[in-house]
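**Q** The file below is data.txt, compact mmCIF, C-alpha atoms and all ligand atoms:
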```txt
# COMPACT_ATOMS: atom_id res chain seq x y z
CA MET D 1 119.00 144.16 150.45
CA SER D 2 117.46 147.34 151.71
CA GLN D 3 113.74 147.93 151.53
CA ASP D 4 113.74 151.72 151.26
CA VAL D 5 111.10 153.17 149.03
CA THR D 6 112.54 156.08 147.15
CA GLY D 7 109.37 157.17 145.42
CA THR D 8 108.71 157.14 141.72
CA ARG D 9 112.02 158.66 140.75
CA PRO D 10 115.17 156.53 140.85
CA VAL D 11 118.31 157.88 142.40
CA ALA D 12 120.59 156.97 139.54
CA SER D 13 123.97 158.24 140.63
CA SER D 14 126.40 155.75 142.12
CA ASP D 15 128.06 158.34 144.30
CA ALA D 16 126.60 161.44 145.88
CA ASP D 17 129.65 163.46 144.83
CA ASP D 18 129.37 162.49 141.16
CA ASP D 19 129.19 165.44 138.78
CA VAL D 20 125.74 165.10 137.20
CA MET D 21 125.65 166.21 133.56
CA ILE D 22 122.15 165.14 132.48
CA GLU D 23 119.10 164.79 134.70
CA VAL D 24 116.03 163.18 133.19
CA GLU D 25 112.80 163.44 135.12
CA GLY D 26 109.41 161.89 134.31
CA LEU D 27 110.26 161.76 130.60
CA LYS D 28 107.56 160.48 128.26
CA THR D 29 107.69 160.14 124.49
CA TYR D 30 104.38 159.15 122.97
CA TYR D 31 103.73 158.69 119.25
CA ASP D 32 100.35 159.93 118.28
CA ASP D 33 100.18 157.88 115.08
CA SER D 34 96.51 157.40 115.71
CA GLY D 35 95.88 156.15 112.16
CA LEU D 36 92.50 154.85 111.10
CA PHE D 37 91.52 152.71 114.05
CA SER D 38 92.88 154.10 117.27
CA LYS D 39 93.38 157.45 118.96
CA THR D 40 95.50 155.89 121.68
CA PRO D 41 99.18 156.93 121.40
CA VAL D 42 102.10 154.50 121.42
CA LYS D 43 103.85 154.99 124.76
CA ALA D 44 107.42 154.40 123.60
CA VAL D 45 108.99 156.02 126.69
CA ASP D 46 106.59 156.10 129.60
CA GLY D 47 107.93 158.21 132.45
CA VAL D 48 111.63 157.54 133.03
CA SER D 49 113.93 159.35 135.44
CA PHE D 50 117.68 158.96 135.76
CA GLU D 51 120.94 160.86 135.77
CA ILE D 52 124.09 160.60 133.69
CA ASN D 53 127.31 161.70 135.32
CA ARG D 54 129.98 163.63 133.49
CA GLY D 55 132.54 161.31 131.89
CA GLU D 56 130.65 158.08 132.56
CA THR D 57 129.14 155.50 130.23
CA LEU D 58 125.55 154.60 131.05
CA GLY D 59 124.35 151.43 129.30
CA LEU D 60 120.75 151.12 128.19
CA VAL D 61 119.58 147.55 127.62
CA GLY D 62 116.33 145.70 126.97
CA GLU D 63 114.52 143.73 124.27
CA SER D 64 113.94 145.38 120.89
CA GLY D 65 110.99 147.71 120.94
CA CYS D 66 111.38 148.55 124.65
CA GLY D 67 111.99 152.24 123.91
CA LYS D 68 115.82 152.42 124.14
CA THR D 69 116.40 154.16 120.82
CA THR D 70 113.43 156.51 121.27
CA LEU D 71 114.83 157.51 124.65
CA GLY D 72 118.27 158.20 123.12
CA ARG D 73 116.72 160.22 120.30
CA THR D 74 114.56 162.20 122.73
CA LEU D 75 117.63 163.17 124.77
CA LEU D 76 119.12 164.63 121.57
CA ARG D 77 115.83 166.37 120.63
CA LEU D 78 115.56 164.23 117.49
CA GLU D 79 112.15 163.30 118.93
CA ASP D 80 109.92 165.64 120.92
CA ALA D 81 109.24 164.75 124.53
CA THR D 82 105.55 164.44 125.40
CA ALA D 83 106.16 165.27 129.07
CA GLY D 84 108.97 165.56 131.59
CA GLU D 85 112.31 167.34 131.71
CA ILE D 86 115.82 166.74 130.40
CA ARG D 87 118.19 169.06 132.23
CA PHE D 88 121.70 169.54 130.88
CA ASP D 89 123.86 171.37 133.38
CA GLY D 90 120.58 172.65 134.89
CA THR D 91 118.91 173.84 131.63
CA ASP D 92 115.77 172.02 130.47
CA ILE D 93 116.63 171.19 126.85
CA THR D 94 113.02 170.19 126.03
CA GLU D 95 112.24 173.94 126.13
CA LEU D 96 115.06 175.09 123.83
CA ASP D 97 114.60 176.55 120.38
CA GLY D 98 116.53 178.71 117.91
CA THR D 99 120.20 179.30 118.69
CA GLU D 100 120.02 177.52 122.04
CA LEU D 101 118.68 174.36 120.39
CA GLN D 102 121.38 174.59 117.73
CA HIS D 103 123.98 174.85 120.47
CA TRP D 104 122.57 171.74 122.18
CA ARG D 105 122.70 169.85 118.88
CA ARG D 106 126.38 170.70 118.54
CA ASN D 107 127.02 169.52 122.04
CA ALA D 108 125.13 166.25 121.85
CA GLN D 109 125.68 163.81 118.99
CA MET D 110 124.70 160.31 117.98
CA VAL D 111 126.52 157.34 116.44
CA PHE D 112 124.11 155.06 114.61
CA GLN D 113 124.00 151.29 114.39
CA ASP D 114 124.44 150.93 110.68
CA PRO D 115 127.34 152.94 109.23
CA ASP D 116 126.23 151.98 105.70
CA SER D 117 122.95 153.86 105.89
CA SER D 118 124.30 156.80 107.89
CA LEU D 119 127.00 157.70 105.32
CA ASN D 120 126.08 159.29 102.01
CA ASP D 121 127.71 157.25 99.23
CA ARG D 122 127.86 160.26 96.90
CA MET D 123 130.05 162.31 99.22
CA THR D 124 133.76 161.90 99.88
CA ILE D 125 134.86 160.99 103.39
CA GLY D 126 136.21 164.52 103.79
CA GLU D 127 132.85 166.04 102.82
CA ILE D 128 130.95 163.68 105.14
CA ILE D 129 133.05 164.54 108.18
CA ARG D 130 133.15 168.23 107.30
CA GLU D 131 129.38 168.55 106.80
CA PRO D 132 128.50 169.34 110.45
CA LEU D 133 131.30 171.94 110.52
CA ASP D 134 129.85 173.55 107.36
CA VAL D 135 126.29 173.47 108.75
CA HIS D 136 127.40 175.22 111.93
CA ASP D 137 129.68 177.58 109.99
CA TRP D 138 132.66 176.51 112.05
CA LYS D 139 135.74 178.74 111.50
CA THR D 140 137.20 179.07 107.96
CA PRO D 141 137.02 176.45 105.12
CA ARG D 142 140.78 175.93 105.41
CA GLU D 143 140.54 175.28 109.16
CA ARG D 144 137.65 172.87 108.54
CA ARG D 145 139.73 170.84 106.10
CA GLN D 146 142.55 170.77 108.61
CA ARG D 147 140.15 169.65 111.37
CA VAL D 148 138.83 166.79 109.21
CA LYS D 149 142.36 165.55 108.59
CA GLU D 150 143.07 165.62 112.32
CA LEU D 151 139.83 163.74 112.99
CA LEU D 152 140.76 161.06 110.46
CA ALA D 153 143.99 160.51 112.36
CA THR D 154 142.14 160.53 115.70
CA VAL D 155 139.91 157.62 114.66
CA GLY D 156 142.78 155.64 113.16
CA LEU D 157 142.32 156.45 109.45
CA GLN D 158 144.77 158.06 107.00
CA ARG D 159 144.73 161.70 105.92
CA GLU D 160 144.71 160.56 102.29
CA HIS D 161 141.33 158.90 102.90
CA TYR D 162 139.86 162.42 102.70
CA TYR D 163 139.07 162.08 98.99
CA ARG D 164 137.79 158.52 98.97
CA TYR D 165 134.16 157.32 99.05
CA PRO D 166 132.37 155.21 101.71
CA HIS D 167 132.08 152.10 99.49
CA GLN D 168 135.89 151.90 99.42
CA PHE D 169 135.97 151.11 103.16
CA SER D 170 135.16 148.09 105.33
CA GLY D 171 132.32 148.09 107.88
CA GLY D 172 134.69 148.86 110.76
CA GLN D 173 136.32 151.72 108.84
CA ARG D 174 132.92 153.16 107.96
CA GLN D 175 131.99 153.16 111.65
CA ARG D 176 135.28 155.01 112.33
CA ILE D 177 134.20 157.60 109.74
CA SER D 178 130.81 157.98 111.51
CA ILE D 179 132.61 158.45 114.81
CA ALA D 180 134.93 161.09 113.30
CA ARG D 181 131.88 162.98 111.99
CA THR D 182 130.25 162.72 115.44
CA LEU D 183 133.34 164.24 117.06
CA ALA D 184 133.72 167.06 114.53
CA LEU D 185 131.94 169.66 116.68
CA GLU D 186 133.59 168.55 119.93
CA PRO D 187 130.44 167.29 121.70
CA ASP D 188 130.34 166.60 125.44
CA PHE D 189 127.64 163.94 125.20
CA VAL D 190 127.30 161.12 122.67
CA VAL D 191 124.47 158.62 122.27
CA LEU D 192 125.91 155.39 120.86
CA ASP D 193 123.00 153.47 119.36
CA GLU D 194 124.15 149.85 118.95
CA PRO D 195 127.43 151.13 117.42
CA VAL D 196 129.02 147.69 116.97
CA SER D 197 126.11 145.34 116.41
CA ALA D 198 126.30 145.58 112.59
CA LEU D 199 130.05 144.80 112.60
CA ASP D 200 131.97 141.51 112.46
CA VAL D 201 132.93 140.24 115.89
CA SER D 202 136.62 140.71 115.06
CA VAL D 203 136.06 144.42 114.34
CA GLN D 204 133.77 145.08 117.31
CA ALA D 205 136.63 145.04 119.81
CA GLU D 206 138.59 147.60 117.74
CA ILE D 207 135.66 150.03 117.73
CA ILE D 208 134.97 149.50 121.44
CA ASN D 209 138.63 150.24 122.19
CA LEU D 210 138.48 153.35 120.00
CA LEU D 211 135.36 154.58 121.85
CA GLU D 212 137.12 154.04 125.18
CA ASP D 213 140.24 155.90 124.02
CA LEU D 214 138.20 158.82 122.70
CA GLN D 215 136.23 159.04 125.93
CA GLU D 216 139.44 159.31 127.88
CA GLU D 217 141.07 161.77 125.50
CA PHE D 218 138.10 164.13 125.14
CA GLY D 219 136.28 163.56 128.45
CA LEU D 220 133.15 162.33 126.63
CA THR D 221 129.98 161.17 128.33
CA TYR D 222 128.22 158.22 126.66
CA LEU D 223 124.77 156.74 126.63
CA PHE D 224 125.47 153.28 125.19
CA ILE D 225 122.38 151.57 123.77
CA ALA D 226 122.92 147.87 123.17
CA HIS D 227 121.43 144.42 123.23
CA ASP D 228 124.80 142.65 123.52
CA LEU D 229 125.04 142.36 127.29
CA SER D 230 128.67 141.22 127.31
CA VAL D 231 129.74 144.45 125.57
CA VAL D 232 127.66 146.45 128.05
CA ARG D 233 129.28 144.65 130.95
CA TYR D 234 132.72 145.44 129.58
CA LEU D 235 132.17 149.08 128.66
CA CYS D 236 129.57 150.64 130.97
CA ASP D 237 129.94 152.13 134.44
CA ARG D 238 126.23 151.80 135.14
CA VAL D 239 123.32 150.12 133.39
CA ALA D 240 119.63 150.95 133.03
CA VAL D 241 117.38 148.02 132.13
CA MET D 242 114.31 149.03 130.09
CA TYR D 243 111.03 147.22 129.53
CA LEU D 244 107.98 148.65 127.78
CA GLY D 245 109.11 152.26 128.08
CA ASN D 246 110.07 152.01 131.77
CA ILE D 247 113.35 151.60 133.61
CA MET D 248 113.03 148.39 135.64
CA GLU D 249 116.46 148.56 137.30
CA ILE D 250 119.40 150.94 137.27
CA GLY D 251 122.74 150.74 139.02
CA PRO D 252 126.47 149.99 138.83
CA THR D 253 127.19 147.46 136.08
CA GLU D 254 129.15 144.78 137.89
CA GLU D 255 126.79 144.69 140.83
CA LEU D 256 123.71 144.49 138.61
CA PHE D 257 125.20 141.65 136.54
CA GLU D 258 126.39 139.74 139.61
CA LYS D 259 123.20 140.07 141.63
CA PRO D 260 120.22 141.32 139.61
CA ALA D 261 117.36 142.55 141.77
CA ASN D 262 114.44 143.06 139.41
CA PRO D 263 112.60 140.00 138.01
CA TYR D 264 113.00 141.34 134.48
CA THR D 265 116.76 141.81 134.92
CA HIS D 266 116.92 138.22 136.24
CA ALA D 267 115.19 137.00 133.08
CA LEU D 268 117.27 139.14 130.71
CA LEU D 269 120.60 138.09 132.23
CA SER D 270 119.62 134.43 132.43
CA ALA D 271 119.57 134.39 128.63
CA ILE D 272 123.31 135.23 128.34
CA PRO D 273 125.12 132.10 127.12
CA GLU D 274 127.45 130.66 129.79
CA PRO D 275 130.96 130.27 128.27
CA ASP D 276 131.92 127.59 130.81
CA PRO D 277 129.87 124.43 129.98
CA THR D 278 130.48 123.04 133.49
CA VAL D 279 128.58 125.96 135.07
CA GLU D 280 124.84 125.39 135.25
CA ARG D 281 122.61 128.39 134.80
CA ASP D 282 118.85 128.42 135.36
CA ARG D 283 117.45 130.04 132.30
CA ILE D 284 114.18 131.90 132.87
CA THR D 285 111.80 131.47 129.96
CA LEU D 286 109.37 134.33 129.58
CA HIS D 287 105.94 133.46 128.24
CA GLY D 288 104.37 135.49 125.47
CA THR D 289 105.58 138.72 123.96
CA PRO D 290 105.77 142.22 125.45
CA PRO D 291 102.38 143.95 125.44
CA ASN D 292 101.50 146.48 122.80
CA PRO D 293 103.01 149.82 124.00
CA ARG D 294 99.75 151.44 122.95
CA TYR D 295 98.02 149.49 125.72
CA PRO D 296 100.53 148.93 128.53
CA PRO D 297 99.29 147.13 131.66
CA THR D 298 97.70 149.29 134.35
CA GLY D 299 100.02 148.05 137.09
CA CYS D 300 103.61 146.90 136.64
CA PRO D 301 104.67 147.02 132.97
CA PHE D 302 106.15 143.51 133.33
CA SER D 303 103.06 142.03 135.02
CA THR D 304 101.81 140.13 131.96
CA ARG D 305 105.04 138.08 131.68
CA CYS D 306 106.67 138.22 135.09
CA PRO D 307 107.59 134.73 136.34
CA VAL D 308 107.28 135.84 139.98
CA ARG D 309 104.21 138.05 139.74
CA ILE D 310 102.55 138.35 143.14
CA ARG D 311 99.38 136.28 143.37
CA PRO D 312 96.29 136.91 145.45
CA GLU D 313 96.75 135.27 148.88
CA GLU D 314 94.25 132.44 148.25
CA TYR D 315 96.03 131.38 145.02
CA ARG D 316 99.57 131.52 146.35
CA ASP D 317 99.94 127.72 146.20
CA LEU D 318 98.18 127.20 142.89
CA ASP D 319 100.07 125.04 140.39
CA ASP D 320 102.51 127.23 138.39
CA GLU D 321 101.39 125.84 135.03
CA LEU D 322 97.73 126.55 135.80
CA TRP D 323 98.66 130.06 136.87
CA THR D 324 100.53 130.62 133.60
CA ARG D 325 97.50 129.43 131.60
CA LEU D 326 95.23 131.78 133.54
CA VAL D 327 97.54 134.66 132.60
CA THR D 328 97.35 133.53 128.95
CA LEU D 329 93.55 133.54 129.19
CA ARG D 330 93.61 137.09 130.49
CA ASP D 331 95.83 138.17 127.55
CA LEU D 332 93.44 136.53 125.11
CA ILE D 333 90.44 138.30 126.63
CA ASN D 334 92.32 141.60 126.49
CA GLU D 335 93.16 141.06 122.81
CA ARG D 336 89.60 140.11 122.07
CA LYS D 337 88.27 143.15 123.89
CA ARG D 338 90.49 145.50 121.89
CA ALA D 339 89.91 143.87 118.52
CA GLU D 340 87.52 145.63 116.20
CA LEU D 341 85.38 143.03 114.52
CA SER D 342 85.55 143.05 110.75
CA ILE D 343 82.31 143.13 108.75
CA ARG D 344 82.80 139.46 107.89
CA GLU D 345 83.22 138.60 111.54
CA ARG D 346 80.12 140.54 112.47
CA VAL D 347 78.14 138.59 109.89
CA ARG D 348 79.58 135.29 111.17
CA SER D 349 78.73 136.32 114.71
CA LYS D 350 75.12 137.20 113.74
CA LEU D 351 74.82 133.78 112.12
CA GLY D 352 76.04 132.21 115.35
CA LYS D 353 79.34 131.09 113.78
CA ASP D 354 82.75 131.18 115.40
CA ILE D 355 84.78 134.34 115.09
CA ARG D 356 88.42 135.19 115.82
CA PHE D 357 90.54 133.40 118.46
CA GLY D 358 88.82 130.15 117.49
CA ALA D 359 85.82 128.68 119.20
CA ILE D 360 85.60 129.71 122.83
CA ASP D 361 84.99 126.14 124.01
CA GLU D 362 88.05 124.95 122.09
CA THR D 363 90.19 127.73 123.57
CA PHE D 364 89.22 126.73 127.11
CA GLU D 365 89.77 123.07 126.32
CA GLU D 366 93.23 123.82 124.91
CA LEU D 367 94.20 126.00 127.85
CA PHE D 368 92.86 123.96 130.76
CA GLY D 369 91.79 120.56 129.39
CA ASP D 370 94.98 118.73 130.42
CA LEU D 371 95.26 120.32 133.89
CA ASP D 372 93.80 119.49 137.25
CA VAL D 373 91.74 122.63 137.90
CA PRO D 374 90.49 123.13 141.49
CA SER D 375 86.69 123.52 141.69
CA LYS D 376 86.93 127.12 142.98
CA VAL D 377 88.95 128.12 139.89
CA GLN D 378 86.75 126.04 137.59
CA SER D 379 83.58 127.81 138.68
CA VAL D 380 85.16 131.22 137.93
CA LEU D 381 86.36 129.91 134.55
CA ASP D 382 82.83 128.72 133.75
CA GLU D 383 81.45 132.18 134.44
CA ILE D 384 84.18 133.83 132.33
CA GLU D 385 83.45 131.43 129.50
CA ALA D 386 79.75 132.30 129.67
CA HIS D 387 80.54 136.03 129.41
CA LEU D 388 82.71 135.36 126.37
CA HIS D 389 79.93 133.37 124.71
CA ASP D 390 77.75 136.46 125.22
CA GLN D 391 80.58 138.55 123.64
CA ASN D 392 80.80 140.50 126.87
CA GLU D 393 84.60 140.74 127.15
CA GLU D 394 84.31 143.64 129.58
CA ALA D 395 82.44 141.48 132.11
CA ALA D 396 84.80 138.52 131.50
CA LEU D 397 87.83 140.71 132.16
CA SER D 398 86.43 142.39 135.21
CA LEU D 399 85.52 139.00 136.71
CA PHE D 400 89.00 137.70 135.92
CA ASN D 401 90.61 140.71 137.60
CA GLU D 402 88.32 140.57 140.61
CA GLU D 403 89.32 136.98 141.23
CA PHE D 404 92.92 136.63 140.03
CA ALA D 405 94.49 140.11 139.85
CA SER D 406 97.00 141.25 142.45
CA VAL D 407 98.88 144.40 143.33
CA CYS D 408 101.17 143.76 140.31
CA ASP D 409 98.19 144.13 137.97
CA ARG D 410 96.54 147.03 139.76
CA GLU D 411 99.30 149.43 140.81
CA PRO D 412 102.59 150.53 139.24
CA PRO D 413 105.42 149.74 141.66
CA GLU D 414 107.68 152.24 143.40
CA TYR D 415 111.45 152.39 142.95
CA TYR D 416 113.18 150.65 145.84
CA GLU D 417 116.82 151.12 146.76
CA VAL D 418 118.26 147.62 146.64
CA SER D 419 121.87 148.26 147.60
CA ASN D 420 123.85 151.00 149.24
CA SER D 421 125.44 151.91 145.90
CA GLY D 422 122.19 153.62 144.88
CA ARG D 423 120.96 150.73 142.71
CA GLU D 424 117.19 150.81 142.30
CA SER D 425 114.55 148.37 141.18
CA PHE D 426 110.96 148.96 140.09
CA CYS D 427 109.10 146.05 141.71
CA HIS D 428 106.50 145.53 144.45
CA ARG D 429 108.43 142.53 145.70
CA HIS D 430 111.04 144.75 147.36
CA SER D 431 108.38 145.97 149.77
CA VAL D 432 108.46 144.37 153.24
CA ASP D 433 104.93 143.05 152.55
CA TYR D 434 106.13 140.46 150.03
CA GLU D 435 108.83 137.87 149.50
CA SER D 436 111.76 139.33 147.56
CA PRO D 437 112.32 138.21 143.93
CA ASP D 438 115.54 136.43 145.04
CA THR D 439 113.68 134.38 147.65
CA VAL D 440 111.07 133.27 145.13
CA PHE D 441 113.64 132.39 142.44
CA ASP D 442 115.78 130.51 144.98
CA ARG D 443 112.81 128.49 146.21
CA ARG D 444 111.86 127.55 142.66
CA ASN D 445 115.40 126.48 141.85
CA GLN D 446 115.66 124.11 144.82
S1 LIG D 501 105.96 144.33 140.39
FE1 LIG D 501 105.12 142.26 140.25
S2 LIG D 501 104.97 141.89 138.06
FE2 LIG D 501 106.31 143.63 138.32
S3 LIG D 501 108.36 142.80 138.32
FE3 LIG D 501 107.68 142.92 140.45
S4 LIG D 501 106.76 140.93 140.90
FE4 LIG D 501 106.94 141.10 138.70
```
Starting from the file, give its structure as structure tokens.

**A**
Amino acid sequence: MSQDVTGTRPVASSDADDDVMIEVEGLKTYYDDSGLFSKTPVKAVDGVSFEINRGETLGLVGESGCGKTTLGRTLLRLEDATAGEIRFDGTDITELDGTELQHWRRNAQMVFQDPDSSLNDRMTIGEIIREPLDVHDWKTPRERRQRVKELLATVGLQREHYYRYPHQFSGGQRQRISIARTLALEPDFVVLDEPVSALDVSVQAEIINLLEDLQEEFGLTYLFIAHDLSVVRYLCDRVAVMYLGNIMEIGPTEELFEKPANPYTHALLSAIPEPDPTVERDRITLHGTPPNPRYPPTGCPFSTRCPVRIRPEEYRDLDDELWTRLVTLRDLINERKRAELSIRERVRSKLGKDIRFGAIDETFEELFGDLDVPSKVQSVLDEIEAHLHDQNEEAALSLFNEEFASVCDREPPEYYEVSNSGRESFCHRHSVDYESPDTVFDRRNQ
């Protein structure tokens, strides 16, 4: 594995000669739904950079809420980018308006997850597929009708389906109708947002095959958003793995599945069921839930859950379970620091009664009571507990960080090239200063 730092921007192409169609650089999409209590925006996409080559399928995977769909929608200008560039054949589409934006919208289309909600039940199939042609005033009405009939045939439906309604079709057929509508204006680029996840397993393969055939016939370029990793492995040329609005790893599909480099990719892939019961797989269980995208960690986005987070030198040999509980304590303090106390809680606090997160003593007892805590750690915990009793979460957190935080908590990683195919991973552990994620996982599995 190479240790080359490539800066903050991943080199996403698998081959230097590839014909790049879309270049995304430093893209951020923040939702400023500040509401009543907070002015901090939700950082749905938090500075991603990658390229999509003409004619390829780039998979986008990650847990729900990681920003996949927002990223797809931002590429199509269905959401406004907060910062960064999306260049299509060299033109920054985040700057387009008027006719140029309309042209981009013709050229870039989306297939949605749920064909039921994306098709209007009051319109005939013909009207649904023809709608984008009408909106863009495409040729004459007669030619539009003819085009719709051709499209029906292209996606494996009958011309006579033109006058029927969506409820007369099965789920798979309705997704074919959505695809026909998507193709109506002959786009070059299509975002497929979980296009088969709402369908029966038996129908999924038919739609996947159709998407492959259409790509070949029309030279389409796909961004395939999915959580079903086996479909991604089958269909995609390259994969980008997202976590909390960031791309953690990106590279050629087979290589990434065979030998994941990033700790998050390791964890994600370890959850795929193994079809052969004789093959043992070490499943990586992640503790907790992803952080609130309104308050992402300062350092690595995965630092609050990473099973191989770098520890400060003096705690390198600390018991893993104790380390996990310390991380849980930090999350609790963070939550507590952010929480606005309700009036009732303020009153309870003034009266010296327990407030949220239970009694502080009980929390510490639950977290550490059954563990053998070294005296050095115990004395820090005692000080943290005292700060929490004084409701000084700020001091508790800063003491915690001073003692237990590492580079993973303090600094966002760089992208490191981890193979000579251009695969990149966003993790401090690829630096020569630390053990690689593979080495740590291997040691733990011995
Ligand atoms: S940078 Fe640290 S926390 Fe992030 S994935 Fe790498 S080891 Fe884990």

**Q** Point out the residue among D:Met110, D:Val239, D:Cys306, D:Leu256 with the least atom-to-atom distance to ligand LIG 501 (chain D), counting only C-alpha atoms and all ligand atoms.

**A**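 Closest to ligand LIG 501 (chain D), using only C-alpha atoms and all ligand atoms: D:Cys306.
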
**Q** Determine, using only C-alpha atoms and all ligand atoms, which residues of chain D have any atom at most 9 Å from an atom of ligand LIG 501 (chain D), and tabulate each with its shortest atom pair and distance in Å to one decimal place, rows ordered by chain and then rising number, as a tab-separated table.

**A**
```
residue	atom	partner	partner_atom	distance
D:Met248	CA	D:LIG501	S3	7.8
D:Asn262	CA	D:LIG501	S3	6.2
D:Pro263	CA	D:LIG501	S3	5.1
D:Tyr264	CA	D:LIG501	S3	6.2
D:Gly299	CA	D:LIG501	S1	7.7
D:Cys300	CA	D:LIG501	FE2	4.6
D:Pro301	CA	D:LIG501	FE2	6.5
D:Phe302	CA	D:LIG501	FE2	5.0
D:Ser303	CA	D:LIG501	S2	3.6
D:Thr304	CA	D:LIG501	S2	7.1
D:Arg305	CA	D:LIG501	S2	7.4
D:Cys306	CA	D:LIG501	FE4	4.6
D:Pro307	CA	D:LIG501	FE4	6.8
D:Val308	CA	D:LIG501	S4	5.2
D:Arg309	CA	D:LIG501	S4	4.0
D:Ile310	CA	D:LIG501	S4	5.4
D:Arg311	CA	D:LIG501	FE1	8.9
D:Ser406	CA	D:LIG501	FE1	8.5
D:Val407	CA	D:LIG501	FE1	7.3
D:Cys408	CA	D:LIG501	FE1	4.2
D:Asp409	CA	D:LIG501	S2	7.1
D:Glu411	CA	D:LIG501	S1	8.4
D:Pro412	CA	D:LIG501	S1	7.1
D:Pro413	CA	D:LIG501	S1	5.6
D:Glu414	CA	D:LIG501	S1	8.6
D:Ser425	CA	D:LIG501	FE3	8.8
D:Phe426	CA	D:LIG501	S1	6.8
D:Cys427	CA	D:LIG501	FE3	3.7
D:His428	CA	D:LIG501	S1	4.3
D:Arg429	CA	D:LIG501	FE3	5.3
D:His430	CA	D:LIG501	FE3	7.9
D:Ser436	CA	D:LIG501	S4	8.5
D:Pro437	CA	D:LIG501	S4	6.9
```

**Q** Find the residues around D:Ile207 up to 12 Å (all atoms listed in the file counted), leave out those fewer than 2 positions away in its own chain, and share them as JSON, numbers by chain.

**A** {"D": [111, 155, 156, 171, 172, 173, 174, 175, 176, 177, 178, 179, 180, 192, 194, 195, 196, 197, 198, 199, 200, 201, 202, 203, 204, 205, 209, 210, 211, 212, 213, 214, 231, 235]}

**Q** So how far away is atom CA of D:Val190 from atom CA of D:Glu127, in Å?

**A**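 So the answer is 21.2 Å.
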
**Q** In Å, how far is it from atom CA of D:Val42 to atom CA of D:Cys66?

**A**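 Separating atom CA of D:Val42 from atom CA of D:Cys66 is a distance of 11.5 Å.
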
**Q** Tell me which of D:Ser375, D:Ser230, D:Asn246, D:Thr40 sits closest to D:Leu71, counting all atoms listed in the file.

**A**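 Ranked by minimum distance to D:Leu71, first place goes to D:Asn246.
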
**Q** So the first atom is atom CA of D:Leu229 and the second is atom CA of D:Phe257; what is the distance between them in Å, to one decimal place?

**A** 9.3 Å

**Q** Applying 8 Å and all atoms listed in the file, which residues near stretch 378-395 of chain D remain after dropping the ones on its own chain fewer than 2 positions away? List them as a PyMOL selection string.

**A** chain D and resi 333-334+336-337+360-361+364+373-376+397-400+403

**Q** I want to know what sits within 10 Å of D:Trp104, based on only C-alpha atoms, with residues of the same chain fewer than 2 positions away left out; could you give that as a list in words?

**A**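 The residues that qualify are Leu76, Arg77, Phe88, Ile93, Leu96, Asp97, Thr99, Glu100, Leu101, Gln102, Arg106, Asn107, Ala108, Gln109, Pro187, Asp188 and Phe189 of chain D.
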
**Q** Store the residues of this selection in a file with C-alpha atoms, as a PDB file, keeping the file's coordinate frame.

**A**
```pdb
ATOM      1  CA  LEU D  76     119.120 164.630 121.570  1.00  0.00           C
ATOM      2  CA  ARG D  77     115.830 166.370 120.630  1.00  0.00           C
ATOM      3  CA  PHE D  88     121.700 169.540 130.880  1.00  0.00           C
ATOM      4  CA  ILE D  93     116.630 171.190 126.850  1.00  0.00           C
ATOM      5  CA  LEU D  96     115.060 175.090 123.830  1.00  0.00           C
ATOM      6  CA  ASP D  97     114.600 176.550 120.380  1.00  0.00           C
ATOM      7  CA  THR D  99     120.200 179.300 118.690  1.00  0.00           C
ATOM      8  CA  GLU D 100     120.020 177.520 122.040  1.00  0.00           C
ATOM      9  CA  LEU D 101     118.680 174.360 120.390  1.00  0.00           C
ATOM     10  CA  GLN D 102     121.380 174.590 117.730  1.00  0.00           C
ATOM     11  CA  ARG D 106     126.380 170.700 118.540  1.00  0.00           C
ATOM     12  CA  ASN D 107     127.020 169.520 122.040  1.00  0.00           C
ATOM     13  CA  ALA D 108     125.130 166.250 121.850  1.00  0.00           C
ATOM     14  CA  GLN D 109     125.680 163.810 118.990  1.00  0.00           C
ATOM     15  CA  PRO D 187     130.440 167.290 121.700  1.00  0.00           C
ATOM     16  CA  ASP D 188     130.340 166.600 125.440  1.00  0.00           C
ATOM     17  CA  PHE D 189     127.640 163.940 125.200  1.00  0.00           C
TER      18      PHE D 189
END
```

**Q** With distances taken over only C-alpha atoms, which of D:Val232, D:Ile86, D:Met242, D:Ile284 is nearest to D:Ile52?

**A**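 Nearest to D:Ile52: D:Ile86.
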
**Q** D:Arg130, D:Arg181, D:Lys139, D:Arg54: which is nearest D:Leu220, counting all atoms listed in the file?

**A**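 Of all the options, D:Arg54 lies closest to D:Leu220.
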
**Q** Need the shell around D:Thr74: protein/DNA/RNA residues with any atom at most 12 Å away, counting only C-alpha atoms. Skip same-chain ones fewer than 6 positions apart. Format as a ChimeraX atom specification?

**A** /D:24,27-31,44-45,48,67-68,80-86,93-94,105,108-110,191

**Q** Restricting the calculation to all atoms listed in the file: of D:Gly90, D:Pro166, D:Pro141, D:Gly47, which residue gets closest to D:Ser117?

**A**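 The answer is D:Pro166, which sits nearest to D:Ser117.
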